[in-house]
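Chemist: File upload-v6.cif below, mmCIF, C-alpha atoms and all ligand atoms:
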```cif
data_model
loop_
_atom_site.label_atom_id
_atom_site.label_comp_id
_atom_site.auth_asym_id
_atom_site.auth_seq_id
_atom_site.Cartn_x
_atom_site.Cartn_y
_atom_site.Cartn_z
CA MET A 4 139.10 148.40 89.65
CA GLU A 5 138.94 150.88 86.79
CA THR A 6 135.69 151.03 84.85
CA PHE A 7 134.98 152.03 81.27
CA LYS A 8 132.03 154.12 80.10
CA VAL A 9 130.35 151.80 77.62
CA VAL A 10 127.39 153.25 75.69
CA GLU A 11 126.69 150.07 73.70
CA THR A 12 128.00 146.59 72.92
CA PHE A 13 126.65 144.53 70.05
CA VAL A 14 127.62 141.87 67.57
CA SER A 15 127.32 142.70 63.88
CA ILE A 16 129.30 142.47 60.68
CA ASN A 17 132.08 144.99 60.68
CA GLY A 18 130.97 147.59 58.17
CA GLU A 19 134.25 149.48 57.73
CA GLY A 20 137.97 149.04 57.26
CA LYS A 21 140.13 146.09 56.29
CA LYS A 22 138.13 143.64 58.40
CA ALA A 23 134.82 144.68 56.79
CA GLY A 24 132.34 141.86 56.32
CA ARG A 25 133.50 139.81 59.31
CA LEU A 26 131.54 139.30 62.49
CA ALA A 27 132.75 141.59 65.23
CA MET A 28 131.87 142.55 68.76
CA PHE A 29 131.58 146.31 69.04
CA ILE A 30 132.51 148.10 72.24
CA ARG A 31 131.54 151.76 72.02
CA LEU A 32 133.00 154.09 74.64
CA LYS A 33 131.36 157.37 75.60
CA GLY A 34 132.64 160.84 74.75
CA CYS A 35 134.73 162.53 72.10
CA ASN A 36 137.12 165.47 71.90
CA LEU A 37 136.07 166.38 68.34
CA ASN A 38 132.79 167.41 66.76
CA CYS A 39 132.92 166.36 63.12
CA SER A 40 130.30 167.99 60.88
CA TYR A 41 129.12 164.57 59.67
CA CYS A 42 129.41 162.48 62.87
CA ASP A 43 126.95 159.57 62.87
CA THR A 44 127.33 158.84 66.59
CA THR A 45 126.84 162.27 68.20
CA TRP A 46 124.48 160.60 70.69
CA ALA A 47 127.44 158.70 72.19
CA ASN A 48 129.41 161.91 72.66
CA LYS A 49 126.82 163.75 74.75
CA ARG A 50 127.64 164.42 78.37
CA ASN A 51 124.33 162.89 79.48
CA ALA A 52 124.55 159.80 77.22
CA LYS A 53 123.42 156.71 79.13
CA CYS A 54 126.26 154.27 79.72
CA GLU A 55 127.23 151.19 81.69
CA LEU A 56 130.34 151.31 83.86
CA LEU A 57 132.10 148.05 83.03
CA THR A 58 135.43 146.66 84.20
CA ALA A 59 137.88 145.08 81.75
CA PRO A 60 137.03 141.52 83.01
CA GLN A 61 133.29 142.24 82.50
CA ILE A 62 133.94 143.39 78.94
CA VAL A 63 136.12 140.34 78.28
CA GLU A 64 133.32 138.10 79.62
CA ARG A 65 130.88 139.69 77.12
CA ILE A 66 133.29 139.01 74.26
CA LYS A 67 133.71 135.38 75.38
CA GLU A 68 129.94 134.90 75.62
CA ALA A 69 129.49 136.34 72.13
CA GLY A 70 132.03 133.85 70.78
CA VAL A 71 133.50 136.27 68.23
CA GLU A 72 137.16 136.51 67.27
CA LEU A 73 137.21 140.19 66.30
CA VAL A 74 136.64 143.17 68.59
CA THR A 75 136.07 146.70 67.33
CA LEU A 76 136.76 149.28 69.99
CA THR A 77 135.11 152.53 68.97
CA GLY A 78 133.18 155.50 70.29
CA GLY A 79 133.17 158.37 70.70
CA GLU A 80 136.93 158.43 70.81
CA PRO A 81 138.15 155.24 72.53
CA LEU A 82 141.75 156.36 73.04
CA LEU A 83 140.68 159.24 75.32
CA ASP A 84 140.13 156.87 78.24
CA GLU A 85 143.32 156.96 80.31
CA ASN A 86 143.00 153.26 81.18
CA VAL A 87 142.23 152.01 77.70
CA SER A 88 145.57 150.22 77.34
CA GLU A 89 144.56 148.02 80.30
CA LEU A 90 141.35 147.11 78.45
CA ILE A 91 143.25 146.41 75.22
CA GLY A 92 145.71 144.21 77.15
CA SER A 93 142.88 142.22 78.75
CA ILE A 94 141.19 141.64 75.40
CA LEU A 95 144.46 140.48 73.82
CA MET A 96 144.88 137.93 76.60
CA MET A 97 142.16 135.93 74.83
CA PRO A 98 143.92 133.65 72.36
CA LYS A 99 142.82 134.13 68.73
CA VAL A 100 141.04 137.43 69.40
CA GLU A 101 142.04 140.39 67.22
CA ILE A 102 141.25 143.97 68.09
CA GLU A 103 140.72 146.96 65.88
CA ILE A 104 140.61 150.45 67.30
CA GLU A 105 138.67 153.16 65.50
CA THR A 106 140.47 156.38 66.34
CA ASN A 107 140.02 159.92 65.10
CA GLY A 108 143.63 160.89 64.38
CA SER A 109 143.83 163.58 67.07
CA VAL A 110 145.06 161.36 69.92
CA PRO A 111 148.70 160.12 70.02
CA ILE A 112 149.12 156.47 69.05
CA LYS A 113 152.83 156.32 69.91
CA TYR A 114 152.06 154.62 73.24
CA TYR A 115 150.95 151.52 71.31
CA LYS A 116 154.09 151.08 69.26
CA GLU A 117 154.95 147.69 70.82
CA ARG A 118 152.21 145.77 69.09
CA ASP A 119 151.77 143.01 66.54
CA ASN A 120 149.07 142.57 63.92
CA ARG A 121 146.48 141.41 66.46
CA LEU A 122 146.10 145.13 67.27
CA THR A 123 145.13 147.27 64.30
CA MET A 124 144.70 151.02 64.40
CA THR A 125 142.05 152.26 61.99
CA MET A 126 142.85 155.94 62.07
CA ASP A 127 140.95 158.76 60.39
CA TYR A 128 142.62 161.79 58.91
CA LYS A 129 139.91 164.44 59.34
CA LEU A 130 139.52 166.46 56.13
CA PRO A 131 138.40 170.10 55.68
CA SER A 132 134.66 169.34 55.45
CA SER A 133 134.77 167.76 58.94
CA ASN A 134 135.89 171.16 60.35
CA MET A 135 138.32 169.23 62.57
CA GLU A 136 141.48 169.09 60.47
CA GLU A 137 143.45 171.43 62.72
CA SER A 138 143.20 168.87 65.55
CA MET A 139 145.09 166.16 63.68
CA CYS A 140 148.15 164.75 65.47
CA LEU A 141 150.54 164.55 62.53
CA GLU A 142 153.20 162.79 64.59
CA ASN A 143 150.90 159.72 64.41
CA MET A 144 151.97 159.18 60.81
CA GLU A 145 155.36 157.98 62.13
CA TYR A 146 153.80 155.32 64.35
CA LEU A 147 151.66 153.55 61.76
CA LYS A 148 152.28 149.84 61.22
CA PRO A 149 151.95 148.21 57.79
CA TRP A 150 148.75 146.48 58.91
CA ASP A 151 147.11 149.69 60.14
CA VAL A 152 144.46 151.60 58.19
CA VAL A 153 144.33 155.32 57.46
CA LYS A 154 140.82 156.32 56.49
CA PHE A 155 139.83 159.50 54.64
CA VAL A 156 136.10 160.15 55.01
CA ILE A 157 135.29 162.40 52.07
CA GLY A 158 132.51 164.94 51.78
CA SER A 159 133.68 167.31 49.03
CA ARG A 160 136.03 167.89 46.10
CA GLU A 161 138.24 169.93 48.44
CA ASP A 162 138.48 166.87 50.71
CA LEU A 163 139.60 164.71 47.77
CA ASN A 164 142.40 167.11 46.86
CA ARG A 165 143.50 167.40 50.47
CA ALA A 166 143.52 163.62 50.95
CA LYS A 167 145.80 163.24 47.93
CA GLU A 168 148.14 165.91 49.30
CA ILE A 169 148.36 164.22 52.69
CA ILE A 170 148.94 160.77 51.17
CA GLU A 171 151.86 162.18 49.18
CA ARG A 172 153.29 164.32 51.97
CA PHE A 173 153.51 161.40 54.40
CA SER A 174 154.00 158.56 51.85
CA LEU A 175 150.97 156.98 53.48
CA CYS A 176 150.49 154.18 50.96
CA GLN A 177 153.97 152.93 51.83
CA LYS A 178 153.22 153.03 55.57
CA ALA A 179 149.72 151.59 55.91
CA ILE A 180 146.53 150.57 54.11
CA VAL A 181 144.65 153.62 52.82
CA TYR A 182 140.89 153.90 52.35
CA PHE A 183 138.61 156.53 50.82
CA SER A 184 135.02 156.42 52.02
CA PRO A 185 132.16 158.87 51.37
CA VAL A 186 130.47 160.83 54.12
CA PHE A 187 127.25 158.85 53.88
CA GLY A 188 124.81 160.58 51.53
CA LYS A 189 126.94 163.73 51.19
CA ILE A 190 128.89 163.08 47.98
CA GLU A 191 128.29 160.88 44.93
CA PRO A 192 130.46 157.80 45.54
CA GLU A 193 131.18 157.84 41.80
CA GLU A 194 132.98 161.19 42.15
CA ILE A 195 135.47 159.55 44.52
CA VAL A 196 136.13 156.69 42.09
CA GLU A 197 136.55 159.15 39.19
CA PHE A 198 139.10 161.07 41.28
CA MET A 199 140.98 157.84 42.00
CA LYS A 200 141.05 157.06 38.27
CA GLU A 201 142.14 160.58 37.24
CA ASN A 202 144.94 160.58 39.80
CA LYS A 203 146.01 156.94 39.37
CA LEU A 204 145.57 156.23 43.06
CA ASN A 205 146.40 152.57 42.60
CA LYS A 206 147.12 151.87 46.24
CA VAL A 207 143.97 153.51 47.65
CA ARG A 208 140.93 151.35 48.42
CA PHE A 209 137.37 152.64 48.08
CA GLN A 210 134.73 151.60 50.62
CA ILE A 211 131.13 152.36 51.58
CA GLN A 212 129.91 151.65 55.13
CA ILE A 213 128.21 148.25 54.67
CA HIS A 214 125.93 148.48 57.72
CA LYS A 215 124.26 151.61 56.32
CA VAL A 216 123.20 149.64 53.24
CA VAL A 217 122.03 146.56 55.16
CA TRP A 218 120.11 148.49 57.84
CA ASP A 219 118.51 151.92 58.18
CA PRO A 220 121.48 154.34 58.18
CA ASP A 221 120.28 155.86 61.48
CA LYS A 222 119.86 152.54 63.29
CA THR A 223 122.15 152.03 66.28
CA GLY A 224 123.41 148.67 67.54
CA VAL A 225 124.19 147.32 64.06
C1 LIG B 1 131.88 157.27 64.75
S1 LIG B 1 133.63 157.20 64.51
C2 LIG B 1 134.22 156.65 66.10
C3 LIG B 1 135.71 156.51 66.16
C4 LIG B 1 136.52 157.81 66.10
N1 LIG B 1 135.94 158.84 66.89
C5 LIG B 1 136.74 158.27 64.68
O1 LIG B 1 136.21 159.30 64.29
O2 LIG B 1 137.44 157.55 63.97
C6 LIG B 1 133.87 155.73 63.51
C7 LIG B 1 134.07 155.98 62.03
O3 LIG B 1 132.84 156.42 61.46
C8 LIG B 1 133.12 157.41 60.51
N2 LIG B 1 131.94 158.22 60.28
C9 LIG B 1 131.27 158.97 61.19
N3 LIG B 1 130.20 159.57 60.61
C10 LIG B 1 130.21 159.20 59.31
C11 LIG B 1 129.37 159.48 58.20
N4 LIG B 1 128.31 160.31 58.33
N5 LIG B 1 129.67 158.92 57.01
C12 LIG B 1 130.74 158.11 56.88
N6 LIG B 1 131.58 157.78 57.90
C13 LIG B 1 131.31 158.32 59.09
C14 LIG B 1 134.25 158.19 61.16
O4 LIG B 1 134.92 159.01 60.23
C15 LIG B 1 135.10 157.06 61.69
O5 LIG B 1 135.95 156.58 60.66
N1 LIG B 2 128.53 147.44 61.55
C1 LIG B 2 129.29 148.45 61.97
N2 LIG B 2 130.58 148.49 61.61
C2 LIG B 2 131.36 149.51 62.07
N3 LIG B 2 132.68 149.70 61.90
C3 LIG B 2 133.06 150.80 62.59
C4 LIG B 2 131.95 151.33 63.26
C5 LIG B 2 132.04 152.48 64.20
O1 LIG B 2 131.03 153.08 64.53
O2 LIG B 2 133.16 152.78 64.60
C6 LIG B 2 130.86 150.52 62.93
C7 LIG B 2 129.47 150.49 63.27
O3 LIG B 2 128.92 151.35 63.95
N4 LIG B 2 128.75 149.43 62.78
S1 LIG B 3 135.89 162.02 66.00
FE1 LIG B 3 134.56 160.27 65.55
S2 LIG B 3 133.07 160.20 67.23
FE2 LIG B 3 134.17 162.15 67.37
S3 LIG B 3 132.82 163.57 66.34
FE3 LIG B 3 134.27 162.82 64.80
S4 LIG B 3 133.31 161.03 63.85
FE4 LIG B 3 132.18 161.50 65.72
MG MG B 4 129.52 153.70 63.18
#
```
Take the structure I supplied and represent it as structure tokens, if you would.
Modeler:
Amino acid sequence: METFKVVETFVSINGEGKKAGRLAMFIRLKGCNLNCSYCDTTWANKRNAKCELLTAPQIVERIKEAGVELVTLTGGEPLLDENVSELIGSILMMPKVEIEIETNGSVPIKYYKERDNRLTMTMDYKLPSSNMEESMCLENMEYLKPWDVVKFVIGSREDLNRAKEIIERFSLCQKAIVYFSPVFGKIEPEEIVEFMKENKLNKVRFQIQIHKVVWDPDKTGV
């Protein structure tokens, strides 16, 4: 049976996205195809990162034991694993369980177009300060569902202007739920709110990663 490279599993409150504040079981898969300037999980992307090789039924068992109703599949980049749809299918077999996938915007999401709102894509659009913008898969914008999230993680004024451009170019606020969030500690959060006010971004939601306020920002497993 296929196995998945799991660098950590833990239960915490979800600190990001539209399900923020709710208890969630986090499944973090190893490895990433990007190298964002601000990445807070570079340890999980290293070739020699320690991981467990777990089958889909083993992961499902962990979720059942934890007794949570929300699963956040993250990484690294979770959609890089060629068998990930098998894992997603197994998790969705559990009645009541919802799954949210944190994906970096560079991997096609069109393969998941037959889905309902128990499967949410929380997709980044990587802005100039990440140094990864050229890797974005723009075709993904056509496969967003109304319950999906597009997240702009902002580190500079240039990022703010670019985010606005992209929102307009792809009518993103009509297609999905849009968030602006600061690169932690890199930009005054107030500057983002001022930009939203100046530009009347009524449909954009502002968010700060909750877990970095509750715990030490460098702590893993929370
Ligand atoms: C660690 S990534 C893993 C999932 C996927 N690789 C991605 O980038 O979406 C999860 C989320 O954390 C965000 N993130 C990473 N480092 C951050 C930082 N220093 N400040 C704010 N958000 C950060 C990413 O932009 C992404 O939205
Ligand atoms: N509490 C908590 N919430 C999160 N939401 C998304 C996370 C991620 O690393 O993808 C994350 C995380 O690492 N911790
Ligand atoms: S895509 Fe996600 S995991 Fe990969 S380097 Fe960027 S923030 Fe980190
Ligand atoms: Mg995180």
Chemist: Taking only C-alpha atoms and all ligand atoms into account, which residues have an atom no farther than 6 Å from ligand LIG 1 (chain B)? I'd like them as a PyMOL selection string.
Modeler: chain A and resi 41-44+77-80+105-107+126-127+156+185-187
Chemist: Can I get the residues close to ligand LIG 2 (chain B) as JSON, numbers by chain, where close means within 6 Å and we count only C-alpha atoms and all ligand atoms?
Modeler: {"A": [15, 16, 17, 18, 19, 77, 105, 214, 225]}
Chemist: Leaving out range 86-101 of chain A and any residue of its chain fewer than 6 positions from it, which residues lie within 10 Å of it when counting all atoms listed in the file, given as number ranges by chain?
Modeler: A: 5-7, 27, 32, 58-60, 62-64, 66-67, 70-76, 114-115, 120-123
Chemist: Could you state the separation of CA of Glu117 in chain A and CA of Ile102 in chain A in Å, given to one decimal place?
Modeler: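 According to the coordinates, CA of Glu117 in chain A and CA of Ile102 in chain A are separated by 14.5 Å.
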Chemist: Using CA of Gln177 in chain A and CA of Lys200 in chain A as the two end points, give the distance in Å to one decimal.
Modeler: 19.2 Å
Chemist: Could you give me, as a count of residues only, the residues within 8 Å of range 9-12 of chain A, counting only C-alpha atoms and dropping anything in the same chain fewer than 5 positions from it?
Modeler: 14
Chemist: Grab the CA of Glu197 in chain A to atom FE3 of ligand LIG 3 (chain B) distance for me, in Å with one decimal place.
Modeler: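 Interatomic distance, CA of Glu197 in chain A to atom FE3 of ligand LIG 3 (chain B): 26.0 Å.
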Chemist: Take the point (128.2, 173.9, 62.1) as written in the file and pick out every residue within 9 Å of it, counting all atoms listed in the file; give the list as a PDB file with C-alpha atoms, in the frame of the given file.
Modeler:
```
ATOM      1  CA  CYS A  39     132.920 166.360  63.120  1.00  0.00           C
ATOM      2  CA  SER A  40     130.300 167.990  60.880  1.00  0.00           C
ATOM      3  CA  ASN A 134     135.890 171.160  60.350  1.00  0.00           C
TER       4      ASN A 134
END
```
Chemist: Got a sec: who's within 10 Å of Lys21 in chain A, counting only C-alpha atoms, leaving out chain neighbours fewer than 6 positions off, as a PyMOL selection string?
Modeler: chain A and resi 103+123+125+150-152+180-182+208+210
Chemist: Restricting the calculation to only C-alpha atoms and all ligand atoms, which member of A:Lys206, A:Lys178, A:Met199, A:Lys222 is positioned closest to ligand MG 4 (chain B)?
Modeler: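 Among the listed residues, the smallest separation from ligand MG 4 (chain B) belongs to A:Lys222.
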Chemist: Can you work out which one of A:Met139, A:Val14, A:Ile190, A:Ile104 has the shortest atom-to-atom distance to Ile157 in chain A, counting only C-alpha atoms?
Modeler: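 Ranked by minimum distance to Ile157 in chain A, first place goes to A:Ile190.
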